[in-house]
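Everything on this sheet refers to the single structure shown next.
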Amino acid sequence: MSKIKPDKIFEIYHDGKRIYTKSILPGKKHFEERTVKDNNQEYREFDPRRSKLAATIIKGCTNAGIRKGDVVLYLGISHGYTSSFISDMVGKEGLIFGVDPAPRVVRDLTFISKLRNNIIPILADANHPEQYLHRVSQADIVYQDIAQRNQAEIFIKNCNLFLKPGGYGLLAVKARSIDVKRKPKQIFEEIRKILEKEFTVIDYRILEPFEKDHCMIIIKKKSMS
Amino acid sequence: MYYFTNLIGTFILDNKLKVIDSLSFKNVEEYSQRENKEKQLIKKHQAGSLPENKLPQVLSLFKNQKYYSEFFLKNLQLTKQSIKESVNEDNLIIQTIANINELDRISNTLVKRLREWYSLYFPELAESVQSHEKFVELVSTKTRSQLLKDLHLEVAMGADLADEHLEEMHLLAKEVSSLYELRNKHEDYLKKIMEKYCPNLNELAGTTIGAKLIELGGSLKHLAMLPASTIQLLGAEKALFRHIKTGSKSPKYGVIINHPLIQDAKKDEKGKASRMLADKLSLCARLDFFKGEFKAKEYRKELEEKLR
């Protein structure tokens, strides 16, 4: 029996090989993930091949910023694989606003949010914050995973509006949807430079081999002085 | 003084952004029918709308545990409502054409098996009847002796199997013919809704190709926004990206390759035909989306004249 220990990252656990989150809904699986019982607690395995957040953590990120009780604004929430784990991480006191423009995936998400009352599905386009401005509050974390050409622009727009001063932003960049011809690394550097103008970049991970041509950039918004 | 409205309520804020008066909504219905009450409240305090640079600060007022469950319940209801409203003809067309493709694939596999199976008994039939649909029909309706007469043959090469063996083949043939029937029904249905929803596209592209274009474009709206050159290559993405990345030959057509105008064009004019057809299809999609008049017949005539 492998013993599950807290990871160096908040709210994440590991057994030396894989990473887990402590389930807030023991006995419930949403995506047929592996679960492990240890000390009367249930842990859900966080698969780096399915989630860019898990891949970032496995690749050695030092601070993902997400803590218990946080409010997360998740842009491009999709079916909710990653967000179901973030929901574990923020716990029942936390909240996730999940924004996605596609009705098909939000439909799946509403079924998860019925069980996990800290995920709020919102059918809206992250490109137009005014569409959901009246439906969300300020957030401690902005997490964005959108395959759009103007990903960086959307991220900056949303961070300026919704992220609290001193809050963390996580941006998963998909190089292929920005330009298929250019080298991914070049694009990552470019985006990083754009973000550095506005925020402090605290981490930057390329997600090979889990995701091809993706990287994760973690930023911190400057606190008000 | 400013005012700010969200799902929770309408709030009047003073210049230091402190809440001095508010109107809370009990449920989503009150939120969507707030207009009058909101106006009264704003008038009472003579509040102006909030400048954009103060938004982040106001939003922070709502990051409070006491609002969380309210946010959850109201947002969930709104989202459910908008999911309900999001279903339209596009979804129906996409599902139908996807199922037609599915049925084609399944029936092809099954007919191939039936041909092999029935050839143990009567190989000449599979050899002489090329059309799958005809073959299934013949197997399920006629006996071997009748078919022998139709083909002007004396004896069959296949083994003389007992009825219990033939029974299974006939069952399969019946199943496949019911699949063909279903497919035809789907096509009729598709034609009916496409004639109403996108008459121009249906007329110029034909029902199946038109539906496939909508499927690949995602929706009629998206299709209408696409440039003609993209419509020309919808369904040829693999070849297109190979062309961009490695510099191989560029594809000339996507799903519109099956269109009769391209099929009948001369070999060295196929690319040209495809380009002109895509051009007109793009116009058709736009006419349909913005509810324009019916012009597809003129376009078709124009194309036929140019390509003659």
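Please note that chains go A, B, ... in the order of the structure tokens, that every chain numbers its residues from 1, and that ligands are numbered from 1 in the order shown.
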Legend entry - Exercise answer, chain A residues close to chain B, 6 Å and only C-alpha atoms, as a list in words: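 Applying the cut-off to the listed atoms yields Pro103, Ile120, Ile122, Leu123, His134, Arg135, Ser137, Gln138 and Leu161 of chain A.
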Take the selection from the previous step and output its residues with C-alpha atoms, as an mmCIF file, in the first residue's frame.
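As written to disk, out07.cif reads:
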data_model
loop_
_atom_site.group_PDB
_atom_site.id
_atom_site.type_symbol
_atom_site.label_atom_id
_atom_site.label_comp_id
_atom_site.auth_asym_id
_atom_site.auth_seq_id
_atom_site.Cartn_x
_atom_site.Cartn_y
_atom_site.Cartn_z
ATOM 1 C CA PRO A 103 -24.124 24.376 -25.146
ATOM 2 C CA ILE A 120 -21.438 27.157 -11.468
ATOM 3 C CA ILE A 122 -22.357 29.729 -17.266
ATOM 4 C CA LEU A 123 -23.109 29.592 -20.967
ATOM 5 C CA HIS A 134 -23.609 40.401 -13.998
ATOM 6 C CA ARG A 135 -23.448 36.750 -13.110
ATOM 7 C CA SER A 137 -18.084 38.018 -8.594
ATOM 8 C CA GLN A 138 -14.431 38.871 -8.242
ATOM 9 C CA LEU A 161 -11.710 42.856 -14.762
#
Legend entry - 12 Å contact set for range 27-42 of chain A, only C-alpha atoms, chain neighbours under 4 positions out, as a PyMOL selection string: chain A and resi 1-5+13-15+18-23+46-51+79-85+88+108-109+111-116
Just the selected residues (N, CA, C and O atoms), exported as a short mmCIF file (atom, residue, chain, number, x, y, z; two decimals), in the first residue's frame, please.
data_model
loop_
_atom_site.label_atom_id
_atom_site.label_comp_id
_atom_site.auth_asym_id
_atom_site.auth_seq_id
_atom_site.Cartn_x
_atom_site.Cartn_y
_atom_site.Cartn_z
N MET A 1 0.85 -1.20 0.00
CA MET A 1 0.00 0.00 0.00
C MET A 1 0.88 1.24 0.00
O MET A 1 1.69 1.44 0.90
N SER A 2 0.65 2.04 -0.97
CA SER A 2 1.42 3.28 -1.00
C SER A 2 0.71 4.32 -0.14
O SER A 2 -0.50 4.42 -0.13
N LYS A 3 1.49 5.05 0.59
CA LYS A 3 0.91 6.05 1.48
C LYS A 3 0.76 7.36 0.73
O LYS A 3 1.65 7.79 -0.01
N ILE A 4 -0.36 8.01 0.95
CA ILE A 4 -0.60 9.27 0.25
C ILE A 4 -0.22 10.43 1.14
O ILE A 4 -0.67 10.54 2.26
N LYS A 5 0.65 11.27 0.61
CA LYS A 5 1.14 12.40 1.40
C LYS A 5 0.79 13.72 0.72
O LYS A 5 0.62 13.76 -0.50
N TYR A 13 -2.16 15.96 -3.36
CA TYR A 13 -1.52 14.87 -2.63
C TYR A 13 -0.79 14.00 -3.63
O TYR A 13 -1.12 13.97 -4.82
N HIS A 14 0.20 13.26 -3.16
CA HIS A 14 0.91 12.39 -4.09
C HIS A 14 1.35 11.12 -3.39
O HIS A 14 1.42 11.06 -2.16
N ASP A 15 1.60 10.08 -4.17
CA ASP A 15 2.13 8.86 -3.59
C ASP A 15 3.49 8.54 -4.20
O ASP A 15 3.89 7.41 -4.32
N ARG A 18 1.96 9.32 -8.72
CA ARG A 18 0.79 10.02 -9.27
C ARG A 18 0.33 11.09 -8.29
O ARG A 18 0.69 11.09 -7.13
N ILE A 19 -0.52 12.00 -8.83
CA ILE A 19 -1.04 13.04 -7.94
C ILE A 19 -2.54 12.86 -7.74
O ILE A 19 -3.23 12.31 -8.59
N TYR A 20 -3.01 13.32 -6.59
CA TYR A 20 -4.41 13.12 -6.21
C TYR A 20 -4.98 14.40 -5.61
O TYR A 20 -4.25 15.29 -5.18
N THR A 21 -6.31 14.46 -5.58
CA THR A 21 -6.96 15.47 -4.76
C THR A 21 -7.88 14.76 -3.79
O THR A 21 -8.35 13.65 -4.07
N LYS A 22 -8.12 15.39 -2.67
CA LYS A 22 -9.00 14.78 -1.67
C LYS A 22 -10.44 15.01 -2.10
O LYS A 22 -10.87 16.16 -2.28
N SER A 23 -11.20 13.93 -2.29
CA SER A 23 -12.55 14.07 -2.83
C SER A 23 -13.49 14.68 -1.81
O SER A 23 -13.51 14.30 -0.64
N PHE A 46 -5.51 12.43 -10.41
CA PHE A 46 -5.53 13.56 -11.33
C PHE A 46 -4.61 13.23 -12.49
O PHE A 46 -3.41 13.14 -12.33
N ASP A 47 -5.22 12.99 -13.66
CA ASP A 47 -4.46 12.44 -14.78
C ASP A 47 -3.84 13.56 -15.63
O ASP A 47 -4.55 14.37 -16.20
N PRO A 48 -2.50 13.59 -15.70
CA PRO A 48 -1.86 14.67 -16.47
C PRO A 48 -2.12 14.57 -17.98
O PRO A 48 -1.91 15.55 -18.70
N ARG A 49 -2.57 13.41 -18.45
CA ARG A 49 -2.84 13.31 -19.88
C ARG A 49 -4.18 13.92 -20.24
O ARG A 49 -4.49 14.16 -21.39
N ARG A 50 -5.01 14.12 -19.25
CA ARG A 50 -6.33 14.68 -19.54
C ARG A 50 -6.45 16.13 -19.10
O ARG A 50 -7.35 16.82 -19.53
N SER A 51 -5.58 16.55 -18.21
CA SER A 51 -5.72 17.91 -17.69
C SER A 51 -4.40 18.65 -17.78
O SER A 51 -3.35 18.12 -17.41
N HIS A 79 -16.06 19.98 -20.47
CA HIS A 79 -16.85 18.97 -19.77
C HIS A 79 -16.63 19.01 -18.26
O HIS A 79 -17.41 18.45 -17.52
N GLY A 80 -15.57 19.65 -17.84
CA GLY A 80 -15.37 19.81 -16.41
C GLY A 80 -14.43 18.82 -15.79
O GLY A 80 -14.52 18.57 -14.59
N TYR A 81 -13.52 18.23 -16.58
CA TYR A 81 -12.58 17.29 -15.97
C TYR A 81 -11.67 18.01 -14.99
O TYR A 81 -11.64 17.68 -13.80
N THR A 82 -10.96 19.01 -15.49
CA THR A 82 -10.05 19.75 -14.61
C THR A 82 -10.82 20.41 -13.47
O THR A 82 -10.39 20.38 -12.32
N SER A 83 -11.97 20.98 -13.81
CA SER A 83 -12.69 21.75 -12.78
C SER A 83 -13.22 20.86 -11.68
O SER A 83 -13.39 21.32 -10.55
N SER A 84 -13.49 19.57 -11.98
CA SER A 84 -13.95 18.70 -10.90
C SER A 84 -12.84 18.52 -9.86
O SER A 84 -13.10 18.36 -8.67
N PHE A 85 -11.59 18.59 -10.30
CA PHE A 85 -10.47 18.49 -9.35
C PHE A 85 -10.23 19.82 -8.65
O PHE A 85 -9.93 19.85 -7.46
N ASP A 88 -12.48 19.93 -5.89
CA ASP A 88 -11.94 19.25 -4.71
C ASP A 88 -10.97 20.16 -3.97
O ASP A 88 -10.93 20.19 -2.74
N ASP A 108 -23.31 18.79 -20.21
CA ASP A 108 -22.65 17.77 -19.38
C ASP A 108 -22.27 18.34 -18.02
O ASP A 108 -22.38 17.67 -17.00
N LEU A 109 -21.80 19.58 -18.06
CA LEU A 109 -21.31 20.19 -16.84
C LEU A 109 -22.42 20.40 -15.81
O LEU A 109 -22.20 20.25 -14.61
N PHE A 111 -24.80 18.53 -15.08
CA PHE A 111 -25.03 17.31 -14.31
C PHE A 111 -23.99 17.15 -13.20
O PHE A 111 -24.30 16.68 -12.11
N ILE A 112 -22.76 17.55 -13.50
CA ILE A 112 -21.73 17.50 -12.46
C ILE A 112 -22.02 18.54 -11.39
O ILE A 112 -21.88 18.30 -10.19
N SER A 113 -22.46 19.72 -11.83
CA SER A 113 -22.65 20.80 -10.86
C SER A 113 -23.84 20.52 -9.95
O SER A 113 -23.95 21.10 -8.88
N LYS A 114 -24.74 19.63 -10.36
CA LYS A 114 -25.83 19.24 -9.48
C LYS A 114 -25.28 18.51 -8.25
O LYS A 114 -25.82 18.61 -7.16
N LEU A 115 -24.20 17.74 -8.48
CA LEU A 115 -23.59 17.00 -7.37
C LEU A 115 -22.60 17.87 -6.62
O LEU A 115 -22.51 17.83 -5.39
N ARG A 116 -21.84 18.63 -7.37
CA ARG A 116 -20.81 19.47 -6.76
C ARG A 116 -21.33 20.89 -6.77
O ARG A 116 -21.25 21.59 -7.76
#
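For range 4-118 of chain B, the set of residues given strand (DSSP E) by DSSP on the backbone reads B:Phe4, B:Thr5, B:Gly9, B:Thr10, B:Phe11, B:Ile12, B:Leu13, B:Val19, B:Ile20, B:Asp21, B:Ser22, B:Leu23, B:Ser24, B:Gly48, B:Ser49.
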Requested write-out: all heavy atoms of the selected residues, as an mmCIF file, in the first residue's frame:
data_model
loop_
_atom_site.group_PDB
_atom_site.id
_atom_site.type_symbol
_atom_site.label_atom_id
_atom_site.label_comp_id
_atom_site.auth_asym_id
_atom_site.auth_seq_id
_atom_site.Cartn_x
_atom_site.Cartn_y
_atom_site.Cartn_z
ATOM 1 N N PHE B 4 -25.354 49.574 -9.839
ATOM 2 C CA PHE B 4 -24.819 48.370 -10.457
ATOM 3 C C PHE B 4 -25.830 47.245 -10.263
ATOM 4 O O PHE B 4 -26.338 47.049 -9.159
ATOM 5 C CB PHE B 4 -23.477 47.992 -9.813
ATOM 6 C CG PHE B 4 -22.878 46.738 -10.377
ATOM 7 C CD1 PHE B 4 -22.267 46.750 -11.627
ATOM 8 C CD2 PHE B 4 -22.935 45.551 -9.673
ATOM 9 C CE1 PHE B 4 -21.733 45.599 -12.151
ATOM 10 C CE2 PHE B 4 -22.389 44.393 -10.197
ATOM 11 C CZ PHE B 4 -21.784 44.417 -11.436
ATOM 12 N N THR B 5 -26.127 46.534 -11.338
ATOM 13 C CA THR B 5 -27.106 45.454 -11.247
ATOM 14 C C THR B 5 -26.456 44.130 -11.566
ATOM 15 O O THR B 5 -25.684 44.019 -12.515
ATOM 16 C CB THR B 5 -28.256 45.686 -12.243
ATOM 17 O OG1 THR B 5 -28.804 46.958 -12.019
ATOM 18 C CG2 THR B 5 -29.326 44.633 -12.096
ATOM 19 N N GLY B 9 -28.996 41.585 -7.147
ATOM 20 C CA GLY B 9 -29.895 42.710 -6.997
ATOM 21 C C GLY B 9 -29.345 43.959 -7.660
ATOM 22 O O GLY B 9 -28.296 43.931 -8.310
ATOM 23 N N THR B 10 -30.065 45.069 -7.488
ATOM 24 C CA THR B 10 -29.563 46.359 -7.953
ATOM 25 C C THR B 10 -29.026 47.109 -6.742
ATOM 26 O O THR B 10 -29.683 47.153 -5.708
ATOM 27 C CB THR B 10 -30.687 47.182 -8.604
ATOM 28 O OG1 THR B 10 -31.208 46.436 -9.689
ATOM 29 C CG2 THR B 10 -30.171 48.503 -9.110
ATOM 30 N N PHE B 11 -27.838 47.642 -6.888
ATOM 31 C CA PHE B 11 -27.195 48.297 -5.756
ATOM 32 C C PHE B 11 -26.884 49.743 -6.085
ATOM 33 O O PHE B 11 -26.434 50.055 -7.178
ATOM 34 C CB PHE B 11 -25.901 47.562 -5.377
ATOM 35 C CG PHE B 11 -26.140 46.162 -4.923
ATOM 36 C CD1 PHE B 11 -26.208 45.127 -5.834
ATOM 37 C CD2 PHE B 11 -26.335 45.876 -3.583
ATOM 38 C CE1 PHE B 11 -26.457 43.832 -5.422
ATOM 39 C CE2 PHE B 11 -26.597 44.589 -3.164
ATOM 40 C CZ PHE B 11 -26.653 43.566 -4.079
ATOM 41 N N ILE B 12 -27.163 50.600 -5.123
ATOM 42 C CA ILE B 12 -26.797 52.006 -5.282
ATOM 43 C C ILE B 12 -25.538 52.243 -4.455
ATOM 44 O O ILE B 12 -25.479 51.895 -3.268
ATOM 45 C CB ILE B 12 -27.920 52.926 -4.768
ATOM 46 C CG1 ILE B 12 -29.226 52.629 -5.489
ATOM 47 C CG2 ILE B 12 -27.528 54.387 -4.919
ATOM 48 C CD1 ILE B 12 -29.286 53.091 -6.912
ATOM 49 N N LEU B 13 -24.524 52.805 -5.104
ATOM 50 C CA LEU B 13 -23.242 52.988 -4.429
ATOM 51 C C LEU B 13 -22.913 54.477 -4.370
ATOM 52 O O LEU B 13 -23.208 55.218 -5.302
ATOM 53 C CB LEU B 13 -22.144 52.273 -5.218
ATOM 54 C CG LEU B 13 -22.437 50.818 -5.558
ATOM 55 C CD1 LEU B 13 -21.764 50.427 -6.851
ATOM 56 C CD2 LEU B 13 -21.989 49.918 -4.442
ATOM 57 N N VAL B 19 -22.286 50.536 -0.414
ATOM 58 C CA VAL B 19 -23.694 50.308 -0.743
ATOM 59 C C VAL B 19 -24.560 51.136 0.193
ATOM 60 O O VAL B 19 -24.441 51.038 1.417
ATOM 61 C CB VAL B 19 -24.049 48.820 -0.587
ATOM 62 C CG1 VAL B 19 -25.521 48.606 -0.913
ATOM 63 C CG2 VAL B 19 -23.186 47.976 -1.490
ATOM 64 N N ILE B 20 -25.398 51.989 -0.368
ATOM 65 C CA ILE B 20 -26.291 52.762 0.487
ATOM 66 C C ILE B 20 -27.745 52.342 0.321
ATOM 67 O O ILE B 20 -28.558 52.574 1.196
ATOM 68 C CB ILE B 20 -26.147 54.284 0.270
ATOM 69 C CG1 ILE B 20 -26.123 54.602 -1.228
ATOM 70 C CG2 ILE B 20 -24.915 54.824 0.949
ATOM 71 C CD1 ILE B 20 -26.137 56.100 -1.488
ATOM 72 N N ASP B 21 -28.062 51.753 -0.791
ATOM 73 C CA ASP B 21 -29.438 51.266 -0.960
ATOM 74 C C ASP B 21 -29.385 50.097 -1.930
ATOM 75 O O ASP B 21 -28.494 50.009 -2.779
ATOM 76 C CB ASP B 21 -30.326 52.373 -1.514
ATOM 77 C CG ASP B 21 -31.800 52.087 -1.228
ATOM 78 O OD1 ASP B 21 -32.079 50.983 -0.699
ATOM 79 O OD2 ASP B 21 -32.641 52.948 -1.525
ATOM 80 N N SER B 22 -30.337 49.196 -1.792
ATOM 81 C CA SER B 22 -30.307 48.050 -2.712
ATOM 82 C C SER B 22 -31.702 47.496 -2.908
ATOM 83 O O SER B 22 -32.625 47.740 -2.123
ATOM 84 C CB SER B 22 -29.383 46.961 -2.183
ATOM 85 O OG SER B 22 -29.923 46.410 -1.013
ATOM 86 N N LEU B 23 -31.818 46.769 -3.979
ATOM 87 C CA LEU B 23 -33.070 46.103 -4.309
ATOM 88 C C LEU B 23 -32.655 44.678 -4.634
ATOM 89 O O LEU B 23 -31.849 44.459 -5.539
ATOM 90 C CB LEU B 23 -33.679 46.784 -5.542
ATOM 91 C CG LEU B 23 -34.783 46.078 -6.293
ATOM 92 C CD1 LEU B 23 -36.093 46.284 -5.559
ATOM 93 C CD2 LEU B 23 -34.905 46.655 -7.694
ATOM 94 N N SER B 24 -33.117 43.707 -3.848
ATOM 95 C CA SER B 24 -32.616 42.356 -4.125
ATOM 96 C C SER B 24 -33.669 41.552 -4.883
ATOM 97 O O SER B 24 -34.870 41.769 -4.726
ATOM 98 C CB SER B 24 -32.236 41.658 -2.827
ATOM 99 O OG SER B 24 -33.277 41.763 -1.910
ATOM 100 N N GLY B 48 -25.861 57.437 -11.508
ATOM 101 C CA GLY B 48 -25.380 57.268 -12.873
ATOM 102 C C GLY B 48 -24.796 55.877 -13.042
ATOM 103 O O GLY B 48 -24.533 55.185 -12.065
ATOM 104 N N SER B 49 -24.593 55.481 -14.312
ATOM 105 C CA SER B 49 -24.033 54.141 -14.508
ATOM 106 C C SER B 49 -22.567 54.139 -14.112
ATOM 107 O O SER B 49 -21.889 55.172 -14.120
ATOM 108 C CB SER B 49 -24.211 53.705 -15.955
ATOM 109 O OG SER B 49 -23.492 54.576 -16.776
#
Inset, instruction - Could you give me, as a PyMOL selection string, the residues within 10 Å of Arg149 in chain A, counting only C-alpha atoms and dropping anything in the same chain fewer than 3 positions from it? - result: chain A and resi 146+152-154+173-179
Inset, instruction - Find the distance between CA of His170 in chain B and CA of Ser119 in chain B and write it in Å to one decimal. - result: 13.0 Å
Legend entry - Gap from CA of Lys66 in chain B to CA of Val142 in chain A - Å, one decimal: 21.1 Å
